[in-house]
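Raw structure-v2.cif, mmCIF, C-alpha atoms:
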```
data_model
#
loop_
_atom_site.label_atom_id
_atom_site.label_comp_id
_atom_site.auth_asym_id
_atom_site.auth_seq_id
_atom_site.Cartn_x
_atom_site.Cartn_y
_atom_site.Cartn_z
CA MET A 1093 109.08 72.36 76.14
CA PRO A 1094 106.49 75.11 75.48
CA PRO A 1095 106.34 77.95 78.01
CA THR A 1096 103.62 76.47 80.22
CA ASP A 1097 103.61 75.25 83.81
CA VAL A 1098 105.43 71.98 84.31
CA THR A 1099 102.91 70.95 86.98
CA THR A 1100 100.21 71.11 84.31
CA LEU A 1101 102.35 68.86 82.13
CA ILE A 1102 102.75 66.39 85.01
CA ARG A 1103 98.99 66.33 85.68
CA THR A 1104 98.40 65.62 82.00
CA GLU A 1105 100.92 62.77 81.88
CA LEU A 1106 100.17 61.25 85.31
CA PRO A 1107 97.24 59.00 84.24
CA ARG A 1108 99.57 57.21 81.81
CA LEU A 1109 102.26 56.58 84.40
CA ALA A 1110 102.23 53.61 86.71
CA GLY A 1111 104.02 52.30 89.76
CA SER A 1112 107.20 54.10 90.80
CA LEU A 1113 106.97 56.75 88.07
CA ARG A 1114 103.51 57.74 89.25
CA LYS A 1115 104.77 58.03 92.83
CA VAL A 1116 107.40 60.54 91.72
CA GLY A 1117 104.82 62.63 89.88
CA GLU A 1118 102.38 62.61 92.79
CA LEU A 1119 105.02 63.79 95.26
CA ILE A 1120 106.10 66.62 92.97
CA LEU A 1121 102.50 67.81 92.63
CA GLU A 1122 102.01 67.55 96.38
CA ASP A 1123 104.77 70.10 97.13
CA PRO A 1124 106.54 71.49 94.04
CA ALA A 1125 108.39 74.15 96.04
CA ALA A 1126 109.98 71.55 98.33
CA VAL A 1127 111.14 69.47 95.37
CA THR A 1128 113.23 72.38 94.06
CA HIS A 1129 115.49 71.87 97.10
CA CYS A 1130 115.90 68.12 96.56
CA SER A 1131 118.52 66.24 94.64
CA ALA A 1132 117.36 63.45 92.35
CA ALA A 1133 118.68 60.90 94.84
CA GLU A 1134 116.79 62.50 97.74
CA LEU A 1135 113.56 62.67 95.74
CA GLY A 1136 114.03 59.00 94.95
CA ARG A 1137 114.38 58.22 98.67
CA ARG A 1138 111.30 60.28 99.56
CA THR A 1139 109.21 58.38 97.04
CA GLY A 1140 110.64 54.99 97.98
CA THR A 1141 112.13 54.64 94.51
CA SER A 1142 115.60 55.57 93.21
CA GLN A 1143 117.57 58.28 91.46
CA ALA A 1144 117.32 56.31 88.22
CA THR A 1145 113.52 56.23 88.56
CA VAL A 1146 113.42 60.01 88.99
CA THR A 1147 115.47 60.41 85.82
CA ARG A 1148 113.14 58.02 83.96
CA PHE A 1149 110.17 60.05 85.20
CA CYS A 1150 111.62 63.24 83.76
CA ARG A 1151 112.15 61.63 80.39
CA ALA A 1152 108.67 60.07 80.49
CA ILE A 1153 107.07 63.53 80.66
CA GLY A 1154 109.28 64.92 77.92
CA LEU A 1155 112.07 66.62 79.90
CA ASP A 1156 115.75 66.12 79.20
CA SER A 1157 116.91 65.64 82.77
CA TYR A 1158 116.16 66.20 86.45
CA GLN A 1159 117.96 69.53 86.23
CA HIS A 1160 115.51 70.53 83.49
CA LEU A 1161 112.65 69.68 85.86
CA LEU A 1162 114.13 71.85 88.63
CA ILE A 1163 114.52 74.79 86.24
CA GLU A 1164 110.91 74.46 85.07
CA LEU A 1165 109.62 74.25 88.66
CA ALA A 1166 111.59 77.34 89.65
CA GLN A 1167 110.35 79.30 86.63
CA GLU A 1168 106.78 78.28 87.34
CA ARG A 1169 107.10 79.43 90.93
CA GLY A 1170 108.51 82.74 89.74
CA ARG A 1171 105.61 83.25 87.34
CA GLY A 1172 103.18 82.56 90.15
CA GLN A 1173 104.83 85.08 92.47
CA ALA A 1174 104.85 87.73 89.76
CA SER A 1175 101.24 87.12 88.78
CA ASP A 1176 98.40 89.38 89.79
CA TRP A 1177 95.86 86.54 89.64
CA GLY A 1178 95.73 86.29 93.43
CA THR A 1179 97.73 86.34 96.62
CA ALA A 1180 100.27 83.67 97.51
CA GLU A 1181 97.89 82.46 100.24
CA ILE A 1182 95.32 81.35 97.67
CA GLY A 1183 96.24 77.74 96.98
CA PRO A 1184 94.83 75.14 94.60
CA ASP A 1185 92.53 73.49 97.17
CA ILE A 1186 89.03 74.35 98.30
CA SER A 1187 87.80 72.90 101.59
CA PRO A 1188 84.14 72.51 102.62
CA ASP A 1189 84.64 75.26 105.22
CA ASP A 1190 86.08 77.91 102.89
CA ASP A 1191 83.99 81.05 102.50
CA LEU A 1192 82.65 82.25 99.17
CA GLU A 1193 85.37 84.88 98.75
CA ARG A 1194 88.07 82.21 98.78
CA VAL A 1195 86.07 79.98 96.42
CA VAL A 1196 85.75 82.85 93.93
CA GLN A 1197 89.46 83.67 94.18
CA VAL A 1198 90.59 80.06 93.72
CA VAL A 1199 88.20 79.34 90.83
CA GLY A 1200 88.97 82.64 89.14
CA SER A 1201 92.69 82.05 89.50
CA ALA A 1202 92.39 78.55 88.04
CA ASP A 1203 90.38 79.79 85.07
CA LEU A 1204 92.67 82.71 84.33
CA ARG A 1205 95.73 80.51 84.61
CA ALA A 1206 94.24 77.98 82.18
CA VAL A 1207 93.55 80.71 79.64
CA GLN A 1208 97.01 82.28 80.02
CA GLN A 1209 98.78 78.94 79.75
CA THR A 1210 96.86 78.20 76.56
CA ILE A 1211 97.87 81.57 75.09
CA ASP A 1212 101.51 80.99 76.11
CA ARG A 1213 101.66 77.63 74.37
CA ILE A 1214 99.63 78.39 71.23
CA ASP A 1215 101.25 76.96 68.12
CA LEU A 1216 100.73 79.78 65.60
CA ASP A 1217 101.63 77.55 62.68
CA ALA A 1218 99.00 74.99 63.74
CA ILE A 1219 96.33 77.70 64.11
CA GLU A 1220 97.22 79.07 60.66
CA ARG A 1221 97.09 75.65 59.01
CA ALA A 1222 93.77 74.85 60.67
CA ALA A 1223 92.32 78.22 59.66
CA GLN A 1224 93.50 77.92 56.06
CA ALA A 1225 91.93 74.47 55.74
CA THR A 1226 88.70 75.57 57.44
CA ALA A 1227 88.35 78.73 55.36
CA ARG A 1228 88.48 76.82 52.07
CA ALA A 1229 86.62 73.68 53.23
CA ARG A 1230 83.61 72.47 51.29
CA ARG A 1231 82.15 71.23 54.56
CA ILE A 1232 83.21 71.20 58.23
CA ASP A 1233 82.31 68.58 60.84
CA VAL A 1234 82.86 69.29 64.55
CA TYR A 1235 82.77 66.32 66.97
CA GLY A 1236 82.43 66.39 70.75
CA VAL A 1237 80.39 64.77 73.53
CA GLY A 1238 79.46 65.84 77.05
CA GLY A 1239 81.07 69.15 77.98
CA SER A 1240 83.03 69.09 74.74
CA GLY A 1241 79.76 68.65 72.89
CA ALA A 1242 78.64 72.08 74.10
CA VAL A 1243 81.89 73.53 72.76
CA ALA A 1244 81.37 71.72 69.45
CA GLN A 1245 77.98 73.37 69.11
CA GLU A 1246 79.45 76.74 70.03
CA THR A 1247 82.06 76.23 67.30
CA GLU A 1248 79.28 75.48 64.84
CA THR A 1249 77.49 78.70 65.83
CA ARG A 1250 80.60 80.83 65.30
CA LEU A 1251 81.63 79.38 61.94
CA PHE A 1252 78.07 79.14 60.59
CA ARG A 1253 77.54 82.86 61.19
CA ILE A 1254 80.47 83.75 58.90
CA GLY A 1255 79.22 81.63 56.04
CA CYS A 1256 80.90 78.27 56.65
CA THR A 1257 79.03 75.05 55.89
CA VAL A 1258 79.47 73.47 59.31
CA ARG A 1259 77.70 71.09 61.67
CA GLY A 1260 78.47 70.21 65.28
CA TRP A 1261 77.84 66.54 66.05
CA VAL A 1262 77.34 65.34 69.64
CA GLU A 1263 76.07 61.79 69.03
CA VAL A 1264 78.43 59.13 67.78
CA HIS A 1265 76.16 57.41 65.22
CA ALA A 1266 75.20 60.68 63.54
CA ALA A 1267 78.80 61.90 63.72
CA SER A 1268 80.12 58.71 62.13
CA THR A 1269 77.49 58.85 59.39
CA SER A 1270 78.54 62.39 58.55
CA ALA A 1271 82.24 61.48 58.72
CA ALA A 1272 81.71 58.65 56.23
CA LEU A 1273 80.45 61.21 53.71
CA LEU A 1274 83.43 63.57 53.97
CA THR A 1275 85.98 64.07 51.20
CA PRO A 1276 89.52 65.49 50.93
CA ALA A 1277 87.87 68.90 50.37
CA ASP A 1278 86.46 68.82 53.92
CA VAL A 1279 87.65 69.45 57.49
CA ALA A 1280 86.87 67.50 60.67
CA ILE A 1281 87.45 69.15 64.06
CA ALA A 1282 87.37 66.97 67.18
CA ILE A 1283 87.21 68.42 70.70
CA SER A 1284 88.14 66.33 73.75
CA HIS A 1285 89.95 67.50 76.88
CA SER A 1286 91.41 64.05 77.55
CA GLY A 1287 91.84 63.16 73.90
CA ALA A 1288 90.70 59.65 74.77
CA THR A 1289 86.90 59.80 74.37
CA ARG A 1290 85.91 56.88 72.15
CA GLU A 1291 82.72 58.53 70.88
CA THR A 1292 84.80 61.44 69.56
CA ILE A 1293 87.73 59.42 68.25
CA GLU A 1294 85.56 57.03 66.23
CA PRO A 1295 84.11 59.55 63.74
CA PHE A 1296 87.39 61.47 63.74
CA GLU A 1297 89.33 58.41 62.58
CA LEU A 1298 86.70 57.75 59.93
CA ALA A 1299 86.96 61.35 58.70
CA LYS A 1300 90.72 60.88 58.36
CA GLU A 1301 90.21 57.67 56.39
CA ARG A 1302 87.96 59.61 54.03
CA GLY A 1303 90.78 62.08 53.39
CA ALA A 1304 89.42 65.08 55.30
CA THR A 1305 91.87 67.41 57.03
CA THR A 1306 91.65 66.54 60.73
CA VAL A 1307 92.09 69.06 63.54
CA ALA A 1308 92.26 67.92 67.18
CA ILE A 1309 91.63 70.30 70.09
CA THR A 1310 92.81 68.63 73.30
CA ALA A 1311 94.85 69.20 76.44
CA ASP A 1312 96.90 66.05 75.86
CA PRO A 1313 99.35 66.25 72.93
CA ARG A 1314 100.13 62.53 73.24
CA SER A 1315 96.54 61.30 73.35
CA PRO A 1316 94.97 58.98 70.75
CA LEU A 1317 93.00 61.93 69.37
CA ALA A 1318 96.13 64.05 68.96
CA ARG A 1319 98.01 61.18 67.30
CA THR A 1320 95.21 60.77 64.77
CA ALA A 1321 95.09 64.46 63.81
CA ASP A 1322 96.83 66.22 60.95
CA ILE A 1323 96.81 69.41 63.06
CA ARG A 1324 96.86 69.65 66.86
CA LEU A 1325 95.67 72.64 68.92
CA ILE A 1326 96.64 72.17 72.57
CA SER A 1327 94.58 73.67 75.39
CA SER A 1328 95.38 73.83 79.08
CA THR A 1329 93.68 73.71 82.46
CA SER A 1330 94.42 74.51 86.08
CA GLU A 1331 92.98 72.07 88.58
CA THR A 1332 91.60 72.62 92.08
CA SER A 1333 90.36 70.03 94.57
CA PHE A 1334 86.86 70.56 93.15
CA PRO A 1335 86.15 69.85 89.46
CA THR A 1336 86.60 73.45 88.35
CA GLY A 1337 89.32 72.26 86.01
CA ILE A 1338 86.48 71.32 83.68
CA ILE A 1339 85.44 74.99 83.62
CA GLY A 1340 89.02 76.14 83.11
CA ALA A 1341 89.41 73.61 80.33
CA ARG A 1342 86.36 74.96 78.53
CA HIS A 1343 87.61 78.53 78.78
CA SER A 1344 90.99 77.59 77.35
CA VAL A 1345 89.41 75.63 74.49
CA LEU A 1346 87.22 78.62 73.65
CA VAL A 1347 90.36 80.75 73.38
CA LEU A 1348 91.58 78.39 70.66
CA ILE A 1349 88.15 78.35 69.01
CA ASP A 1350 88.00 82.15 69.01
CA CYS A 1351 91.49 82.44 67.48
CA LEU A 1352 90.51 79.93 64.80
CA TYR A 1353 87.18 81.69 64.15
CA VAL A 1354 88.71 85.16 63.78
CA ARG A 1355 91.48 83.90 61.53
CA VAL A 1356 88.96 82.08 59.32
CA ALA A 1357 86.93 85.31 59.13
CA GLN A 1358 90.06 87.16 58.03
CA LEU A 1359 90.91 84.60 55.38
CA SER A 1360 87.36 84.62 53.98
CA TYR A 1361 86.73 88.29 54.63
CA GLN A 1362 84.25 89.00 51.83
CA ARG A 1363 82.13 85.94 52.60
CA ALA A 1364 82.30 86.53 56.35
CA SER A 1365 81.41 90.22 56.04
CA ALA A 1366 78.47 89.48 53.76
CA SER A 1367 77.18 86.76 56.07
CA LEU A 1368 77.43 88.97 59.15
CA ALA A 1369 75.68 91.83 57.34
CA LEU A 1370 72.81 89.58 56.30
CA THR A 1371 72.27 88.22 59.82
CA ASP A 1372 73.16 91.17 62.02
CA HIS A 1373 69.55 92.39 62.31
CA ILE A 1374 68.12 89.10 63.56
CA ALA A 1375 69.06 89.40 67.24
CA GLY A 1376 67.67 92.94 67.35
CA ARG A 1377 64.29 91.74 66.11
CA HIS A 1378 64.00 89.47 69.12
CA THR A 1379 64.95 92.03 71.75
CA VAL A 1380 62.10 92.74 74.16
CA LYS A 1381 61.43 96.45 74.45
CA SER A 1382 61.02 97.64 78.01
CA ARG A 1383 57.86 99.53 78.87
CA ARG A 1384 58.04 102.65 80.92
CA ALA A 1385 55.79 102.79 83.92
CA ARG A 1386 52.87 105.18 83.49
#
```

Structure encoded using structure tokens:
Amino acid sequence: MPPTDVTTLIRTELPRLAGSLRKVGELILEDPAAVTHCSAAELGRRTGTSQATVTRFCRAIGLDSYQHLLIELAQERGRGQASDWGTAEIGPDISPDDDLERVVQVVGSADLRAVQQTIDRIDLDAIERAAQATARARRIDVYGVGGSGAVAQETETRLFRIGCTVRGWVEVHAASTSAALLTPADVAIAISHSGATRETIEPFELAKERGATTVAITADPRSPLARTADIRLISSTSETSFPTGIIGARHSVLVLIDCLYVRVAQLSYQRASASLALTDHIAGRHTVKSRRAR
């Protein structure tokens, strides 16, 4: 598996698991450190399941064996102890009574961890393939709704500034209309943390039918969106008891977007440089000059 936290992998896979397999995953997430001292049989007893169920759980999340799970948990714990993101006392939960200092530490730690995990698991070949296709594309569609819609528009802003013909679509009817007009010379980028948002998948599938190169940016490599894509860029997140994982997810996606953007700029250097030179003065024209007090 890629060098990312196994607890993040379990959180990603948990919604797809049911019954006894889900019980195993929930107990591991509840106290990962304690699990490292359990045998598979003991973990089965603690979850009211069996050793065979624990083994099936490991395979369901993509691990070879229970021993593989223990190794990953131990390595994750070691990375956490060696990290300078925060003290060992700062846990993943935020209670209503926590002071602002703890909130800032927990949220900051979650965001930084999401970004670092994304960097650790970046597939360089996938980034390169996506950048090559984007740099030579006749036209680029970017699909996303909700929070991912804001990222889709940010992606449009970045690529548009370096001379790409790009549009970010955040409404399914307009997105599907645009997708229907794509060709094999085009690229479609879909952004969805879950990879299961119907309003994003619908135009993305249509873009693929039209022959466009499809790039999925998602935290779930086994999601419907990822399965549809020609190229998959996998982000990460670090959850707390409050929905700050959404913030962490956005940061990690923007890391991927920035890597893609810079690589596209490199591959189309003359066009990108000319475009930046032609637009660089615009922001300065709209800067309010401060007046000195007389």

Evaluated on this file, the PyMOL selection byres ((chain A and resi 1115) around 12) picks out some residues - which ones are they, written as a ChimeraX atom specification? /A:1102,1106-1107,1109-1114,1116-1122,1135-1142,1145-1146,1149

Measuring atom to atom with all atoms listed in the file, identify which of A:Ile1211, A:Ala1318, A:Leu1273, A:Leu1216 is nearest to A:Ile1293.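 Among the listed residues, the smallest separation from A:Ile1293 belongs to A:Ala1318.
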
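Between atom CA of A:Ser1270 and atom CA of A:Ala1299 lies a distance of 8.5 Å.
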
I'd like the residues picked by the PyMOL selection byres ((chain A and resi 1311) around 6) written out as a list in words, using the chain letters and numbers from the file.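 When the PyMOL selection byres ((chain A and resi 1311) around 6) is applied, the selected residues are His1285, Thr1310, Asp1312, Ile1326, Ser1327 and Ser1328 of chain A.
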
Report as a list of chain:residue names the full result of the PyMOL selection byres ((chain A and resi 1355-1369) around 8) when it is applied to this structure. A:Glu1220, A:Ala1223, A:Gln1224, A:Thr1226, A:Ala1227, A:Arg1253, A:Ile1254, A:Gly1255, A:Cys1351, A:Leu1352, A:Tyr1353, A:Val1354, A:Leu1370, A:Thr1371, A:Asp1372, A:His1373

Could you state the separation of atom CA of A:Glu1294 and atom CA of A:Ala1321 in Å, given to one decimal place? 12.3 Å

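Interatomic distance, atom CA of A:Trp1261 to atom CA of A:Val1237: 8.1 Å.
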
A:Arg1342 environment, 12 Å, only C-alpha atoms, sequence neighbours closer than 2 positions dropped, as a ChimeraX atom specification: /A:1202-1204,1206-1207,1210,1238-1244,1246,1283-1285,1309-1311,1327-1330,1336-1340,1344-1349
